[in-house]
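Chemist: Input structure: entry-v5.cif, which contains mmCIF, C-alpha atoms.
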```
data_final
#
loop_
_atom_site.group_PDB
_atom_site.id
_atom_site.type_symbol
_atom_site.label_atom_id
_atom_site.label_comp_id
_atom_site.auth_asym_id
_atom_site.auth_seq_id
_atom_site.Cartn_x
_atom_site.Cartn_y
_atom_site.Cartn_z
ATOM 1 C CA MET R 1 -33.310 -15.257 -65.212
ATOM 2 C CA GLY R 2 -32.616 -18.454 -67.199
ATOM 3 C CA ILE R 3 -29.165 -19.606 -68.190
ATOM 4 C CA PHE R 4 -29.704 -18.644 -71.844
ATOM 5 C CA SER R 5 -30.837 -15.147 -70.846
ATOM 6 C CA LYS R 6 -27.755 -14.807 -68.638
ATOM 7 C CA LEU R 7 -25.525 -16.018 -71.443
ATOM 8 C CA SER R 8 -27.237 -13.662 -73.860
ATOM 9 C CA SER R 9 -26.784 -10.690 -71.512
ATOM 10 C CA TRP R 10 -23.139 -11.630 -70.959
ATOM 11 C CA LEU R 11 -22.438 -11.916 -74.686
ATOM 12 C CA LEU R 12 -24.205 -8.618 -75.315
ATOM 13 C CA SER R 13 -22.186 -6.915 -72.602
ATOM 14 C CA ILE R 14 -18.991 -8.294 -74.145
ATOM 15 C CA PHE R 15 -19.900 -6.941 -77.562
ATOM 16 C CA GLY R 16 -21.155 -3.647 -76.205
ATOM 17 C CA LYS R 17 -24.842 -3.975 -77.135
ATOM 18 C CA ARG R 18 -26.860 -3.270 -74.022
ATOM 19 C CA HIS R 19 -30.431 -4.354 -73.352
ATOM 20 C CA VAL R 20 -32.309 -1.786 -71.279
ATOM 21 C CA ARG R 21 -35.903 -1.106 -70.255
ATOM 22 C CA ILE R 22 -36.827 2.465 -71.153
ATOM 23 C CA GLY R 23 -39.914 4.164 -69.741
ATOM 24 C CA ILE R 24 -41.708 6.958 -71.572
ATOM 25 C CA TYR R 25 -43.079 9.273 -68.899
ATOM 26 C CA GLY R 26 -44.942 12.550 -68.859
ATOM 27 C CA PRO R 27 -48.258 14.266 -68.256
ATOM 28 C CA PRO R 28 -51.444 13.177 -70.081
ATOM 29 C CA ASN R 29 -51.649 14.131 -73.773
ATOM 30 C CA ALA R 30 -47.932 14.877 -74.123
ATOM 31 C CA GLY R 31 -47.782 12.281 -76.917
ATOM 32 C CA LYS R 32 -46.230 9.323 -75.070
ATOM 33 C CA THR R 33 -48.026 6.611 -77.040
ATOM 34 C CA THR R 34 -47.427 8.481 -80.312
ATOM 35 C CA LEU R 35 -43.705 8.454 -79.477
ATOM 36 C CA ALA R 36 -43.751 4.769 -78.440
ATOM 37 C CA ASN R 37 -45.515 3.960 -81.713
ATOM 38 C CA ARG R 38 -43.009 6.021 -83.692
ATOM 39 C CA ILE R 39 -40.047 4.198 -82.124
ATOM 40 C CA ALA R 40 -41.667 0.766 -82.491
ATOM 41 C CA MET R 41 -42.718 1.444 -86.113
ATOM 42 C CA ASP R 42 -39.302 2.806 -87.091
ATOM 43 C CA TRP R 43 -37.404 -0.196 -85.752
ATOM 44 C CA ALA R 44 -39.889 -3.094 -85.457
ATOM 45 C CA GLY R 45 -42.715 -2.227 -87.856
ATOM 46 C CA GLU R 46 -45.420 -2.466 -85.177
ATOM 47 C CA ILE R 47 -47.296 -0.076 -82.944
ATOM 48 C CA VAL R 48 -47.478 -0.175 -79.154
ATOM 49 C CA GLY R 49 -50.974 1.207 -78.536
ATOM 50 C CA GLU R 50 -53.913 3.292 -79.666
ATOM 51 C CA THR R 51 -53.803 7.096 -79.472
ATOM 52 C CA SER R 52 -56.631 9.547 -78.897
ATOM 53 C CA GLU R 53 -57.246 13.244 -78.314
ATOM 54 C CA VAL R 54 -59.151 12.314 -75.144
ATOM 55 C CA PRO R 55 -56.783 12.555 -72.168
ATOM 56 C CA HIS R 56 -55.807 9.362 -70.328
ATOM 57 C CA GLU R 57 -56.228 7.138 -73.398
ATOM 58 C CA THR R 58 -53.401 4.967 -72.037
ATOM 59 C CA ARG R 59 -54.529 3.703 -68.651
ATOM 60 C CA LYS R 60 -52.345 0.637 -68.348
ATOM 61 C CA ILE R 61 -48.660 0.052 -68.990
ATOM 62 C CA GLN R 62 -48.002 -0.991 -72.608
ATOM 63 C CA LYS R 63 -44.747 -2.666 -73.636
ATOM 64 C CA LYS R 64 -42.898 -3.626 -76.726
ATOM 65 C CA ASP R 65 -39.823 -5.749 -76.085
ATOM 66 C CA LYS R 66 -36.510 -6.228 -77.820
ATOM 67 C CA ILE R 67 -36.502 -3.293 -80.193
ATOM 68 C CA VAL R 68 -33.056 -2.771 -81.696
ATOM 69 C CA ILE R 69 -32.247 0.846 -82.438
ATOM 70 C CA LYS R 70 -29.116 1.880 -84.277
ATOM 71 C CA ASP R 71 -26.992 4.954 -84.616
ATOM 72 C CA GLY R 72 -24.230 4.332 -87.111
ATOM 73 C CA LYS R 73 -22.267 1.314 -85.879
ATOM 74 C CA ALA R 74 -23.593 1.605 -82.342
ATOM 75 C CA SER R 75 -26.842 -0.049 -81.377
ATOM 76 C CA LEU R 76 -29.009 -0.677 -78.363
ATOM 77 C CA ILE R 77 -31.727 -3.185 -77.524
ATOM 78 C CA ILE R 78 -34.626 -1.643 -75.661
ATOM 79 C CA ASP R 79 -37.866 -2.775 -74.107
ATOM 80 C CA ILE R 80 -40.066 0.281 -74.508
ATOM 81 C CA VAL R 81 -42.545 0.950 -71.693
ATOM 82 C CA ASP R 82 -45.375 3.330 -72.564
ATOM 83 C CA THR R 83 -46.802 4.613 -69.276
ATOM 84 C CA PRO R 84 -50.151 6.248 -68.416
ATOM 85 C CA GLY R 85 -49.935 10.029 -68.016
ATOM 86 C CA ILE R 86 -49.152 11.242 -64.505
ATOM 87 C CA ALA R 87 -51.539 13.841 -63.076
ATOM 88 C CA THR R 88 -52.446 15.241 -59.664
ATOM 89 C CA LYS R 89 -56.162 15.397 -60.486
ATOM 90 C CA VAL R 90 -58.634 13.385 -62.541
ATOM 91 C CA ASP R 91 -62.118 14.857 -62.983
ATOM 92 C CA PHE R 92 -64.626 12.745 -64.885
ATOM 93 C CA HIS R 93 -66.414 15.949 -65.973
ATOM 94 C CA ASP R 94 -63.431 16.712 -68.235
ATOM 95 C CA PHE R 95 -64.183 13.596 -70.311
ATOM 96 C CA LEU R 96 -67.811 14.604 -70.870
ATOM 97 C CA GLU R 97 -66.540 17.416 -73.135
ATOM 98 C CA TYR R 98 -65.303 14.736 -75.537
ATOM 99 C CA GLY R 99 -68.748 13.178 -75.891
ATOM 100 C CA LEU R 100 -68.390 10.345 -73.401
ATOM 101 C CA SER R 101 -71.455 9.353 -71.397
ATOM 102 C CA GLU R 102 -71.306 9.971 -67.648
ATOM 103 C CA GLU R 103 -70.897 6.240 -67.030
ATOM 104 C CA GLU R 104 -68.057 5.992 -69.556
ATOM 105 C CA ALA R 105 -66.428 9.128 -68.138
ATOM 106 C CA LYS R 106 -66.519 7.822 -64.569
ATOM 107 C CA LYS R 107 -65.107 4.465 -65.672
ATOM 108 C CA ARG R 108 -62.329 6.222 -67.583
ATOM 109 C CA ALA R 109 -61.559 8.433 -64.581
ATOM 110 C CA LYS R 110 -61.343 5.422 -62.264
ATOM 111 C CA GLU R 111 -59.024 3.591 -64.669
ATOM 112 C CA ALA R 112 -56.963 6.760 -65.115
ATOM 113 C CA THR R 113 -56.318 7.032 -61.359
ATOM 114 C CA GLU R 114 -55.165 3.406 -61.324
ATOM 115 C CA GLY R 115 -52.941 4.139 -64.319
ATOM 116 C CA VAL R 116 -51.229 7.032 -62.524
ATOM 117 C CA ILE R 117 -50.426 4.758 -59.578
ATOM 118 C CA GLU R 118 -49.100 2.053 -61.906
ATOM 119 C CA ALA R 119 -46.916 4.557 -63.774
ATOM 120 C CA ILE R 120 -45.334 5.806 -60.534
ATOM 121 C CA LYS R 121 -44.698 2.263 -59.301
ATOM 122 C CA TRP R 122 -43.001 1.399 -62.606
ATOM 123 C CA LEU R 123 -40.291 3.967 -61.880
ATOM 124 C CA ASP R 124 -38.659 1.138 -59.922
ATOM 125 C CA ASN R 125 -38.664 -1.147 -62.983
ATOM 126 C CA VAL R 126 -37.070 1.021 -65.660
ATOM 127 C CA GLU R 127 -33.388 1.643 -66.348
ATOM 128 C CA GLY R 128 -33.740 4.861 -68.285
ATOM 129 C CA VAL R 129 -36.478 7.377 -69.038
ATOM 130 C CA ILE R 130 -37.594 9.580 -71.884
ATOM 131 C CA LEU R 131 -39.502 12.356 -70.154
ATOM 132 C CA LEU R 132 -41.897 13.719 -72.732
ATOM 133 C CA MET R 133 -43.142 17.285 -72.429
ATOM 134 C CA ASP R 134 -45.517 19.232 -74.646
ATOM 135 C CA SER R 135 -43.376 22.086 -75.974
ATOM 136 C CA THR R 136 -46.464 24.270 -76.504
ATOM 137 C CA LYS R 137 -47.121 24.278 -72.762
ATOM 138 C CA ASN R 138 -45.456 25.692 -69.654
ATOM 139 C CA PRO R 139 -42.821 23.153 -68.516
ATOM 140 C CA PHE R 140 -42.813 24.324 -64.876
ATOM 141 C CA THR R 141 -45.526 21.939 -63.738
ATOM 142 C CA GLN R 142 -45.570 19.963 -60.536
ATOM 143 C CA VAL R 143 -45.834 16.705 -62.493
ATOM 144 C CA ASN R 144 -42.671 17.448 -64.487
ATOM 145 C CA ILE R 145 -40.809 18.536 -61.350
ATOM 146 C CA THR R 146 -41.933 15.500 -59.348
ATOM 147 C CA ILE R 147 -41.030 13.033 -62.102
ATOM 148 C CA LEU R 148 -37.617 14.638 -62.677
ATOM 149 C CA GLY R 149 -36.880 14.716 -58.948
ATOM 150 C CA ASN R 150 -37.697 11.036 -58.611
ATOM 151 C CA LEU R 151 -35.538 10.151 -61.621
ATOM 152 C CA GLU R 152 -32.627 12.133 -60.179
ATOM 153 C CA ALA R 153 -33.077 10.454 -56.784
ATOM 154 C CA ARG R 154 -32.865 7.053 -58.502
ATOM 155 C CA GLU R 155 -29.923 8.254 -60.633
ATOM 156 C CA LEU R 156 -31.713 7.070 -63.762
ATOM 157 C CA PRO R 157 -30.431 8.394 -67.091
ATOM 158 C CA VAL R 158 -33.042 10.722 -68.576
ATOM 159 C CA ILE R 159 -33.606 12.462 -71.880
ATOM 160 C CA ILE R 160 -36.214 15.205 -72.059
ATOM 161 C CA ALA R 161 -38.049 15.156 -75.384
ATOM 162 C CA ALA R 162 -39.758 18.456 -76.189
ATOM 163 C CA ASN R 163 -42.632 17.136 -78.294
ATOM 164 C CA LYS R 164 -45.094 18.770 -80.698
ATOM 165 C CA ILE R 165 -42.598 21.105 -82.366
ATOM 166 C CA ASP R 166 -44.795 20.833 -85.454
ATOM 167 C CA LEU R 167 -47.447 22.963 -83.721
ATOM 168 C CA ASN R 168 -47.718 26.742 -83.650
ATOM 169 C CA GLY R 169 -46.716 28.089 -80.253
ATOM 170 C CA SER R 170 -44.066 25.428 -79.679
ATOM 171 C CA THR R 171 -41.107 26.810 -77.704
ATOM 172 C CA PRO R 172 -38.586 24.011 -77.087
ATOM 173 C CA ALA R 173 -36.023 26.640 -76.051
ATOM 174 C CA THR R 174 -38.161 27.308 -72.964
ATOM 175 C CA LEU R 175 -37.735 23.686 -71.927
ATOM 176 C CA LYS R 176 -33.992 23.874 -72.479
ATOM 177 C CA SER R 177 -33.697 26.913 -70.237
ATOM 178 C CA ALA R 178 -36.051 25.389 -67.652
ATOM 179 C CA PHE R 179 -33.998 22.223 -67.252
ATOM 180 C CA PRO R 180 -30.404 23.190 -68.143
ATOM 181 C CA GLN R 181 -28.945 20.195 -66.302
ATOM 182 C CA HIS R 182 -30.678 17.759 -68.684
ATOM 183 C CA GLU R 183 -30.389 16.963 -72.370
ATOM 184 C CA VAL R 184 -33.444 18.299 -74.220
ATOM 185 C CA ILE R 185 -34.252 17.073 -77.740
ATOM 186 C CA PRO R 186 -36.964 18.937 -79.695
ATOM 187 C CA ILE R 187 -39.077 16.414 -81.660
ATOM 188 C CA SER R 188 -42.353 15.817 -83.366
ATOM 189 C CA ALA R 189 -43.339 12.238 -82.596
ATOM 190 C CA LEU R 190 -46.304 12.689 -84.919
ATOM 191 C CA ASN R 191 -44.370 13.458 -88.097
ATOM 192 C CA GLY R 192 -40.957 12.115 -87.105
ATOM 193 C CA THR R 193 -38.979 15.372 -87.008
ATOM 194 C CA ASN R 194 -35.600 15.031 -85.228
ATOM 195 C CA MET R 195 -36.169 11.372 -84.345
ATOM 196 C CA ASN R 196 -32.608 10.718 -85.584
ATOM 197 C CA LEU R 197 -31.355 13.091 -82.867
ATOM 198 C CA LEU R 198 -33.409 11.254 -80.249
ATOM 199 C CA TYR R 199 -32.112 7.849 -81.377
ATOM 200 C CA GLU R 200 -28.522 9.118 -81.279
ATOM 201 C CA ALA R 201 -29.090 10.413 -77.741
ATOM 202 C CA MET R 202 -30.757 7.166 -76.645
ATOM 203 C CA VAL R 203 -27.907 4.985 -77.900
ATOM 204 C CA ARG R 204 -25.343 7.297 -76.319
ATOM 205 C CA LYS R 205 -27.101 7.857 -72.994
ATOM 206 C CA PHE R 206 -28.869 4.571 -72.317
ATOM 207 C CA GLY R 207 -26.153 2.464 -73.932
ATOM 208 C CA LYS R 208 -23.697 3.247 -71.189
ATOM 209 C CA GLY R 209 -26.108 2.613 -68.323
ATOM 210 C CA LYS R 210 -26.146 4.542 -65.042
ATOM 211 C CA MET P 1 -67.859 31.133 -48.643
ATOM 212 C CA GLU P 2 -64.824 30.948 -46.395
ATOM 213 C CA ILE P 3 -61.701 29.168 -47.523
ATOM 214 C CA LYS P 4 -59.082 28.349 -44.974
ATOM 215 C CA VAL P 5 -55.406 28.627 -45.790
ATOM 216 C CA ASN P 6 -53.274 26.967 -43.152
ATOM 217 C CA PHE P 7 -49.592 27.769 -42.820
ATOM 218 C CA ILE P 8 -47.996 24.636 -41.414
ATOM 219 C CA ALA P 9 -44.773 25.110 -39.475
ATOM 220 C CA TYR P 10 -41.917 22.673 -39.970
ATOM 221 C CA GLU P 11 -42.256 21.524 -36.358
ATOM 222 C CA LYS P 12 -45.848 20.358 -36.946
ATOM 223 C CA LEU P 13 -44.817 17.673 -39.434
ATOM 224 C CA ASN P 14 -41.266 17.026 -38.291
ATOM 225 C CA GLY P 15 -40.996 13.683 -36.578
ATOM 226 C CA LEU P 16 -43.970 12.152 -38.386
ATOM 227 C CA SER P 17 -43.376 9.194 -40.672
ATOM 228 C CA MET P 18 -43.920 9.827 -44.384
ATOM 229 C CA GLU P 19 -47.227 7.940 -44.224
ATOM 230 C CA GLU P 20 -48.442 9.961 -41.230
ATOM 231 C CA LYS P 21 -47.356 13.245 -42.788
ATOM 232 C CA LEU P 22 -49.045 12.580 -46.130
ATOM 233 C CA ASN P 23 -52.200 11.251 -44.456
ATOM 234 C CA PHE P 24 -52.428 14.480 -42.450
ATOM 235 C CA ILE P 25 -51.971 16.612 -45.580
ATOM 236 C CA LEU P 26 -54.461 14.656 -47.674
ATOM 237 C CA LYS P 27 -57.159 14.618 -45.000
ATOM 238 C CA GLU P 28 -56.859 18.404 -44.565
ATOM 239 C CA VAL P 29 -57.019 18.954 -48.316
ATOM 240 C CA GLU P 30 -60.030 16.662 -48.670
ATOM 241 C CA LYS P 31 -61.756 18.828 -46.056
ATOM 242 C CA GLY P 32 -61.269 21.722 -48.486
ATOM 243 C CA GLN P 33 -58.292 23.374 -46.821
ATOM 244 C CA ILE P 34 -55.277 24.835 -48.570
ATOM 245 C CA LEU P 35 -51.946 24.180 -46.899
ATOM 246 C CA VAL P 36 -48.705 26.117 -47.155
ATOM 247 C CA LEU P 37 -45.900 23.928 -45.833
ATOM 248 C CA GLU P 38 -42.986 25.891 -44.401
ATOM 249 C CA LYS P 39 -40.673 22.992 -45.167
ATOM 250 C CA GLY P 40 -41.668 21.471 -48.483
ATOM 251 C CA LEU P 41 -42.032 17.838 -49.466
ATOM 252 C CA THR P 42 -39.284 15.692 -50.968
ATOM 253 C CA THR P 43 -39.872 14.521 -54.536
ATOM 254 C CA GLU P 44 -40.395 11.005 -53.134
ATOM 255 C CA GLU P 45 -43.098 12.367 -50.817
ATOM 256 C CA GLN P 46 -44.663 14.286 -53.703
ATOM 257 C CA ALA P 47 -44.918 11.097 -55.781
ATOM 258 C CA LYS P 48 -46.385 9.186 -52.832
ATOM 259 C CA LEU P 49 -48.899 11.979 -52.213
ATOM 260 C CA ILE P 50 -50.005 11.747 -55.857
ATOM 261 C CA GLU P 51 -50.452 7.966 -55.446
ATOM 262 C CA MET P 52 -52.501 8.403 -52.254
ATOM 263 C CA THR P 53 -54.568 11.134 -53.908
ATOM 264 C CA MET P 54 -55.414 8.857 -56.830
ATOM 265 C CA LYS P 55 -56.738 6.223 -54.424
ATOM 266 C CA ASP P 56 -59.029 8.784 -52.760
ATOM 267 C CA ILE P 57 -60.506 10.403 -55.881
ATOM 268 C CA ASN P 58 -64.290 10.131 -56.104
ATOM 269 C CA ASP P 59 -67.241 12.182 -57.384
ATOM 270 C CA GLY P 60 -66.693 14.780 -54.647
ATOM 271 C CA PHE P 61 -62.897 14.937 -54.615
ATOM 272 C CA VAL P 62 -61.157 15.332 -57.979
ATOM 273 C CA GLY P 63 -57.598 15.555 -56.747
ATOM 274 C CA ILE P 64 -55.029 18.073 -55.645
ATOM 275 C CA GLU P 65 -53.213 21.087 -56.974
ATOM 276 C CA MET P 66 -49.653 21.177 -55.693
ATOM 277 C CA GLU P 67 -46.781 23.543 -56.359
ATOM 278 C CA SER P 68 -43.291 23.537 -54.919
ATOM 279 C CA TYR P 69 -40.104 25.534 -55.069
ATOM 280 C CA MET P 70 -37.322 22.977 -55.134
ATOM 281 C CA GLU P 71 -33.991 23.645 -53.445
ATOM 282 C CA GLU P 72 -31.471 24.960 -55.926
ATOM 283 C CA ARG P 73 -28.481 23.442 -54.169
ATOM 284 C CA LYS P 74 -28.520 20.053 -52.550
ATOM 285 C CA SER P 75 -26.811 19.549 -49.232
ATOM 286 C CA PHE P 76 -24.126 16.908 -48.739
ATOM 287 C CA TRP P 77 -26.671 14.546 -47.134
ATOM 288 C CA GLN P 78 -29.240 15.111 -49.868
ATOM 289 C CA LYS P 79 -26.626 14.257 -52.481
ATOM 290 C CA LEU P 80 -25.593 11.193 -50.484
ATOM 291 C CA PHE P 81 -29.131 9.880 -50.115
ATOM 292 C CA GLY P 82 -30.361 11.163 -53.478
ATOM 293 C CA LYS P 83 -33.174 13.245 -51.966
ATOM 294 C CA SER P 84 -34.364 16.548 -53.262
ATOM 295 C CA ARG P 85 -36.638 18.623 -51.033
ATOM 296 C CA ALA P 86 -38.848 21.563 -51.848
ATOM 297 C CA ARG P 87 -38.166 24.783 -49.972
ATOM 298 C CA MET P 88 -41.892 25.318 -49.780
ATOM 299 C CA THR P 89 -44.962 23.415 -50.946
ATOM 300 C CA VAL P 90 -48.500 24.675 -51.473
ATOM 301 C CA VAL P 91 -51.187 22.013 -51.740
ATOM 302 C CA GLY P 92 -54.948 22.246 -51.934
ATOM 303 C CA PRO P 93 -58.032 20.697 -53.492
ATOM 304 C CA ALA P 94 -57.962 20.937 -57.298
ATOM 305 C CA ASP P 95 -61.492 22.328 -57.447
ATOM 306 C CA LYS P 96 -60.497 25.315 -55.274
ATOM 307 C CA LEU P 97 -56.828 25.990 -55.970
ATOM 308 C CA LYS P 98 -55.685 26.613 -59.520
ATOM 309 C CA THR P 99 -52.237 27.604 -60.688
ATOM 310 C CA VAL P 100 -52.523 30.263 -63.378
ATOM 311 C CA TYR P 101 -48.837 30.959 -63.941
ATOM 312 C CA ARG P 102 -45.647 29.269 -62.937
ATOM 313 C CA ASP P 103 -42.000 29.771 -63.684
ATOM 314 C CA LYS P 104 -38.751 29.178 -61.835
ATOM 315 C CA ASP P 105 -39.273 31.991 -59.349
ATOM 316 C CA VAL P 106 -42.962 32.869 -59.406
ATOM 317 C CA ILE P 107 -46.129 30.902 -58.699
ATOM 318 C CA LYS P 108 -49.429 32.663 -59.296
ATOM 319 C CA ALA P 109 -52.526 30.870 -58.105
ATOM 320 C CA VAL P 110 -56.172 31.670 -57.708
ATOM 321 C CA ILE P 111 -58.472 30.340 -55.027
ATOM 322 C CA LYS P 112 -61.958 29.666 -56.307
ATOM 323 C CA ALA P 113 -64.867 30.035 -53.909
ATOM 324 C CA ARG P 114 -68.103 28.237 -54.764
#
```
Could you render the structure as structure tokens?

Modeler:
Amino acid sequence: MGIFSKLSSWLLSIFGKRHVRIGIYGPPNAGKTTLANRIAMDWAGEIVGETSEVPHETRKIQKKDKIVIKDGKASLIIDIVDTPGIATKVDFHDFLEYGLSEEEAKKRAKEATEGVIEAIKWLDNVEGVILLMDSTKNPFTQVNITILGNLEARELPVIIAANKIDLNGSTPATLKSAFPQHEVIPISALNGTNMNLLYEAMVRKFGKGK
Amino acid sequence: MEIKVNFIAYEKLNGLSMEEKLNFILKEVEKGQILVLEKGLTTEEQAKLIEMTMKDINDGFVGIEMESYMEERKSFWQKLFGKSRARMTVVGPADKLKTVYRDKDVIKAVIKAR
């Protein structure tokens, strides 16, 4: 870290504006890149990455640095880290259903496995996590449990965002009862519903550090 | 077609390093076996097993299905070292073992024979 960065961090700590690296984690197709784009568009006017209905669209870490988010007088500087979806299986046959050729599907599957590994390794490089879950699906999955357990072991501050509340069949209350020890914010990253609640929680939770 | 389900006693894996333990589990699963671990994996071991699985995925092995019941209350030592361990873990090849329902207290799975 250079002297100016140190000075900057020191001044920020004095004036209470923290700079933290926040990872967006979750299973494939939970809407992680849609959420990263929503946050980056709301506060920086740019997107982080492309989205797609085909699972494992994000196969490498994508970052957008120095986004300032505000909640009233309080604010927080974040580097947002959009991670590939974590899964226990990757079958190239699943991609064929979306019209990919076998060669494209196998390439995507290979890159997806590498993305899962990269996402897990990045748990050591983030200072807070938004764990994104699809509120139309059962939250009791091994991926959710494994991610949460690893966040708790690292004592990382975590907010669970129950995404896709705009869809029929969304039951964010199920997520709240499944993980009562964590803060759960129901959102729609796609249309922006409740993003103000998420920003308030981010400033409050990530602003004070571990 | 026969599918083997192996119930692995705590003593079988106790004393192995994490690498040795996960290598044993993954090799068994890649052979098509389903394992029920009497003493489940820690969340750190679960994450490492997912990493190792990803490295081994190929046209014939698409990954694993894994389910665990985590301990409700952490012991003093678990709190001290930040580890959370499953009371029991079931792990098998994803093309044979499929979870059809899961909540806090119930796991329902089907084993598919080909």

Chemist: Could you list as a PyMOL selection string every residue that has an atom within 12 Å of (-44.0, 2.3, -81.9), using the file's coordinates and counting all atoms listed in the file?

Modeler: chain R and resi 24+31-51+62-65+67+69+78-82+189-190+192

Chemist: Could you list, as a list in words, the residues of chain R having an atom within 6 Å of chain P when counting all atoms listed in the file?

Modeler: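 So the residues of chain R near chain P are Thr88, Lys89, Val90, Asp91, Thr113, Ile117, Phe140, Gln142, Thr146, Gly149, Asn150 and Ala153 of chain R.
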
Chemist: Could you check which residues have any atom within 10 Å of (-43.1, 20.0, -74.2), counting only C-alpha atoms with coordinates taken straight from the file, and then list them as a list in words?

Modeler: Gly26, Pro27, Ala30, Gly31, Leu131, Leu132, Met133, Asp134, Ser135, Thr136, Lys137, Asn138, Pro139, Ile160, Ala161, Ala162, Asn163, Lys164, Ile165, Ser170, Thr171, Pro172, Ala173, Thr174, Leu175, Val184, Ile185, Pro186 and Ile187 of chain R

Chemist: For the PyMOL selection byres ((chain P and resi 3-12) around 9), applied here, can you spell out every residue it catches as a PDB file with C-alpha atoms, in the frame of the given file?

Modeler:
```
ATOM      1  CA  MET P   1     -67.859  31.133 -48.643  1.00  0.00           C
ATOM      2  CA  GLU P   2     -64.824  30.948 -46.395  1.00  0.00           C
ATOM      3  CA  LEU P  13     -44.817  17.673 -39.434  1.00  0.00           C
ATOM      4  CA  ASN P  14     -41.266  17.026 -38.291  1.00  0.00           C
ATOM      5  CA  GLY P  15     -40.996  13.683 -36.578  1.00  0.00           C
ATOM      6  CA  LEU P  16     -43.970  12.152 -38.386  1.00  0.00           C
ATOM      7  CA  GLY P  32     -61.269  21.722 -48.486  1.00  0.00           C
ATOM      8  CA  GLN P  33     -58.292  23.374 -46.821  1.00  0.00           C
ATOM      9  CA  ILE P  34     -55.277  24.835 -48.570  1.00  0.00           C
ATOM     10  CA  LEU P  35     -51.946  24.180 -46.899  1.00  0.00           C
ATOM     11  CA  VAL P  36     -48.705  26.117 -47.155  1.00  0.00           C
ATOM     12  CA  LEU P  37     -45.900  23.928 -45.833  1.00  0.00           C
ATOM     13  CA  GLU P  38     -42.986  25.891 -44.401  1.00  0.00           C
ATOM     14  CA  LYS P  39     -40.673  22.992 -45.167  1.00  0.00           C
ATOM     15  CA  GLY P  40     -41.668  21.471 -48.483  1.00  0.00           C
ATOM     16  CA  GLY P  92     -54.948  22.246 -51.934  1.00  0.00           C
ATOM     17  CA  LYS P  96     -60.497  25.315 -55.274  1.00  0.00           C
ATOM     18  CA  ILE P 111     -58.472  30.340 -55.027  1.00  0.00           C
ATOM     19  CA  LYS P 112     -61.958  29.666 -56.307  1.00  0.00           C
ATOM     20  CA  ALA P 113     -64.867  30.035 -53.909  1.00  0.00           C
TER      21      ALA P 113
END
```

Chemist: With the file shown as input, list the residues that the PyMOL selection byres ((chain R and resi 60) around 9) selects, as a PyMOL selection string.

Modeler: chain R and resi 58-59+61-62+82-84+111-112+114-116+118-119

Chemist: Work out how far atom CA of R:Ile120 is from atom CA of R:Ser52, in Å to one decimal.

Modeler: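 Pair atom CA of R:Ser52 / atom CA of R:Ile120 returns 21.9 Å.
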
Chemist: To one decimal in Å, tell me the separation between atom CA of R:Gly85 and atom CA of R:Leu100.

Modeler: 19.2 Å

Chemist: Quick one, how far is atom CA of P:Ser17 from atom CA of R:Val126?

Modeler: 27.0 Å

Chemist: Between R:Val54, R:Ile159, R:Leu197, R:Ile86, which has the minimum distance to R:Pro180 (counting all atoms listed in the file)?

Modeler: R:Ile159

Chemist: Residues within 7 Å of R:Leu156, please, as a list of chain:residue names. Count only C-alpha atoms; anything in the same chain fewer than 3 positions from it doesn't count.

Modeler: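 Here the answer would be R:Glu127, R:Gly128, R:Leu151, R:Glu152, R:Lys210.
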
Chemist: Given the choices P:Val90, P:Val100, P:Glu28, P:Asp105, which gets closest to P:Glu71 if the distance is worked out from only C-alpha atoms?

Modeler: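 Closest to P:Glu71, using only C-alpha atoms: P:Asp105.
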
Chemist: Would you mind completing stretch 65-73 of chain R to N, CA and C atoms and writing the output as a short mmCIF file (atom, residue, chain, number, x, y, z; two decimals), keeping the file's coordinate frame?

Modeler:
```cif
data_model
loop_
_atom_site.label_atom_id
_atom_site.label_comp_id
_atom_site.auth_asym_id
_atom_site.auth_seq_id
_atom_site.Cartn_x
_atom_site.Cartn_y
_atom_site.Cartn_z
N ASP R 65 -41.15 -5.28 -76.49
CA ASP R 65 -39.82 -5.75 -76.08
C ASP R 65 -38.87 -5.94 -77.27
N LYS R 66 -37.62 -5.88 -76.92
CA LYS R 66 -36.51 -6.23 -77.82
C LYS R 66 -36.54 -5.45 -79.14
N ILE R 67 -36.62 -4.16 -79.02
CA ILE R 67 -36.50 -3.29 -80.19
C ILE R 67 -35.04 -2.90 -80.32
N VAL R 68 -34.47 -3.13 -81.48
CA VAL R 68 -33.06 -2.77 -81.70
C VAL R 68 -33.01 -1.43 -82.41
N ILE R 69 -32.41 -0.44 -81.76
CA ILE R 69 -32.25 0.85 -82.44
C ILE R 69 -30.77 1.07 -82.72
N LYS R 70 -30.50 1.73 -83.84
CA LYS R 70 -29.12 1.88 -84.28
C LYS R 70 -28.77 3.34 -84.53
N ASP R 71 -27.52 3.64 -84.26
CA ASP R 71 -26.99 4.95 -84.62
C ASP R 71 -25.59 4.72 -85.17
N GLY R 72 -25.50 4.70 -86.50
CA GLY R 72 -24.23 4.33 -87.11
C GLY R 72 -23.89 2.89 -86.78
N LYS R 73 -22.68 2.68 -86.23
CA LYS R 73 -22.27 1.31 -85.88
C LYS R 73 -22.77 0.92 -84.50
#
```
